[in-house]
Amino acid sequence: MTATYTFDVFSSLDGYGSYGEGGDWGGYWGKQGPELLDRRFELFGTEQRMIFGANTFRQFVEMLGASHEESGVGDPWVTRMWNLPATVVSSTLAGPLDWPEATVAGGDAVDIVARLKEESEVPLRSHGSLSMNWALLAAGLVDRVQVTIFPVITGRTGTEPIFGGAADFDLELIESRTLDGNIQELIYRPTMHA
């Protein structure tokens, strides 16, 4: 049985994964509410393995600080994610890593994730890691694209277009929900557009 792989990403309405200078949004664009936080806590409460590219992994470690408990990131779902086993795809990082159960896998992300999908007894999830996930989408290894859309437009300050380097895909909506009255969580099954 092949493990399911979910590409999980946060986005502004106009498709950006973060904001740069001049953006004073804060947190998840300052829009996270109790329903979103409960939903994220639920999502990360099941057994799964996180997959990160090196840059996203470095950003998470920097954001969380040398000690997770002292980082100031108090959202319970982040604590759950922090404590999940993780594979970091990197040719530049070496262990030990500042993450409880993280290992480094050197080599091509497509080969590594294809092997993990065959070997893993638990689902795989990647939060962020845009360029790695574009390659995995193109290789047909992403089973679900989960986009959480926040009610903001970051036309001037938006950075990191979440699908800016991806190929063309048709998407089948398999699940959707509204959280806190204005955040959309959309889960799609991607198929390469012919």
# chains A, B, ... in the order shown; residues from 1 in each chain; ligands from 1
call {"tool": "select_by_dssp", "arguments": {"residues": "region 93-174 of chain A", "states": "alpha helix (DSSP H)", "output": "list of chain:residue names"}}
result
A:Ala109, A:Val110, A:Asp111, A:Ile112, A:Val113, A:Ala114, A:Arg115, A:Leu116, A:Lys117, A:Glu118, A:Glu119, A:Leu130, A:Ser131, A:Met132, A:Asn133, A:Trp134, A:Ala135, A:Leu136, A:Leu137, A:Ala138
call {"tool": "residues_around", "arguments": {"residues": "Arg58 (chain A)", "least_positions_apart": "3", "cutoff": "10 Å", "atoms": "only C-alpha atoms", "output": "NGL selection string"}}
result
:A and (52-55 or 61-64 or 88 or 93 or 97-98)
call {"tool": "closest_residue", "arguments": {"among": "A:Ile112, A:Ala166, A:Leu84, A:Met132", "to": "Met192 (chain A)", "atoms": "only C-alpha atoms"}}
result
A:Ala166
call {"tool": "residues_around", "arguments": {"residues": "Ser131 (chain A)", "least_positions_apart": "6", "cutoff": "12 Å", "atoms": "only C-alpha atoms", "output": "MDAnalysis selection string"}}
result
chainID A and resid 7 52:56 89 109:110 137:138 160:167
call {"tool": "atom_distance", "arguments": {"atom1": "CA of Ser90 (chain A)", "atom2": "CA of Phe57 (chain A)"}}
result
9.6 Å
call {"tool": "select_by_dssp", "arguments": {"residues": "chain A", "states": "strand (DSSP E)", "output": "ChimeraX atom specification"}}
result
/A:5-12,16-19,49-53,86-89,102-105,124-127,144-150,158-161,169-179,183-192
call {"tool": "atom_distance", "arguments": {"atom1": "CA of Asn83 (chain A)", "atom2": "CA of Val147 (chain A)"}}
result
22.5 Å
call {"tool": "residues_around", "arguments": {"residues": "Leu171 (chain A)", "least_positions_apart": "5", "cutoff": "6 Å", "atoms": "only C-alpha atoms", "output": "JSON, numbers by chain"}}
result
{"A": [188, 189, 190]}
call {"tool": "closest_residue", "arguments": {"among": "A:Gly140, A:Gly45, A:Gly128, A:Gly20", "to": "Thr191 (chain A)", "atoms": "only C-alpha atoms"}}
result
A:Gly140
call {"tool": "residues_around", "arguments": {"residues": "Thr157 (chain A)", "least_positions_apart": "6", "cutoff": "7 Å", "atoms": "only C-alpha atoms", "output": "ChimeraX atom specification"}}
result
/A:19-23
call {"tool": "write_last_selection", "arguments": {"atoms": "all heavy atoms", "output": "mmCIF file, in the first residue's frame"}}
result
data_model
loop_
_atom_site.group_PDB
_atom_site.id
_atom_site.type_symbol
_atom_site.label_atom_id
_atom_site.label_comp_id
_atom_site.auth_asym_id
_atom_site.auth_seq_id
_atom_site.Cartn_x
_atom_site.Cartn_y
_atom_site.Cartn_z
ATOM 1 N N TYR A 19 4.526 37.307 3.264
ATOM 2 C CA TYR A 19 4.572 38.721 2.928
ATOM 3 C C TYR A 19 5.925 39.268 3.350
ATOM 4 O O TYR A 19 6.565 38.774 4.262
ATOM 5 C CB TYR A 19 3.436 39.502 3.587
ATOM 6 C CG TYR A 19 3.302 39.230 5.063
ATOM 7 C CD1 TYR A 19 4.004 39.978 5.977
ATOM 8 C CD2 TYR A 19 2.483 38.201 5.523
ATOM 9 C CE1 TYR A 19 3.899 39.714 7.329
ATOM 10 C CE2 TYR A 19 2.381 37.939 6.876
ATOM 11 C CZ TYR A 19 3.089 38.691 7.772
ATOM 12 O OH TYR A 19 2.995 38.421 9.102
ATOM 13 N N GLY A 20 6.365 40.285 2.639
ATOM 14 C CA GLY A 20 7.681 40.858 2.902
ATOM 15 C C GLY A 20 7.601 42.193 3.604
ATOM 16 O O GLY A 20 6.647 42.486 4.314
ATOM 17 N N GLU A 21 8.608 43.018 3.337
ATOM 18 C CA GLU A 21 8.685 44.337 3.974
ATOM 19 C C GLU A 21 7.438 45.153 3.665
ATOM 20 O O GLU A 21 6.909 45.118 2.569
ATOM 21 C CB GLU A 21 9.925 45.068 3.496
ATOM 22 C CG GLU A 21 11.192 44.470 4.067
ATOM 23 C CD GLU A 21 12.403 45.327 3.773
ATOM 24 O OE1 GLU A 21 12.280 46.565 3.760
ATOM 25 O OE2 GLU A 21 13.471 44.730 3.564
ATOM 26 N N GLY A 22 6.984 45.863 4.649
ATOM 27 C CA GLY A 22 5.781 46.668 4.490
ATOM 28 C C GLY A 22 4.518 45.905 4.877
ATOM 29 O O GLY A 22 3.472 46.483 5.057
ATOM 30 N N GLY A 23 4.641 44.582 5.005
ATOM 31 C CA GLY A 23 3.500 43.781 5.435
ATOM 32 C C GLY A 23 3.499 43.691 6.945
ATOM 33 O O GLY A 23 4.409 43.141 7.538
#
call {"tool": "closest_residue", "arguments": {"among": "A:Ala3, A:Ile187, A:Leu13, A:Met81", "to": "Gly155 (chain A)", "atoms": "only C-alpha atoms"}}
result
A:Leu13
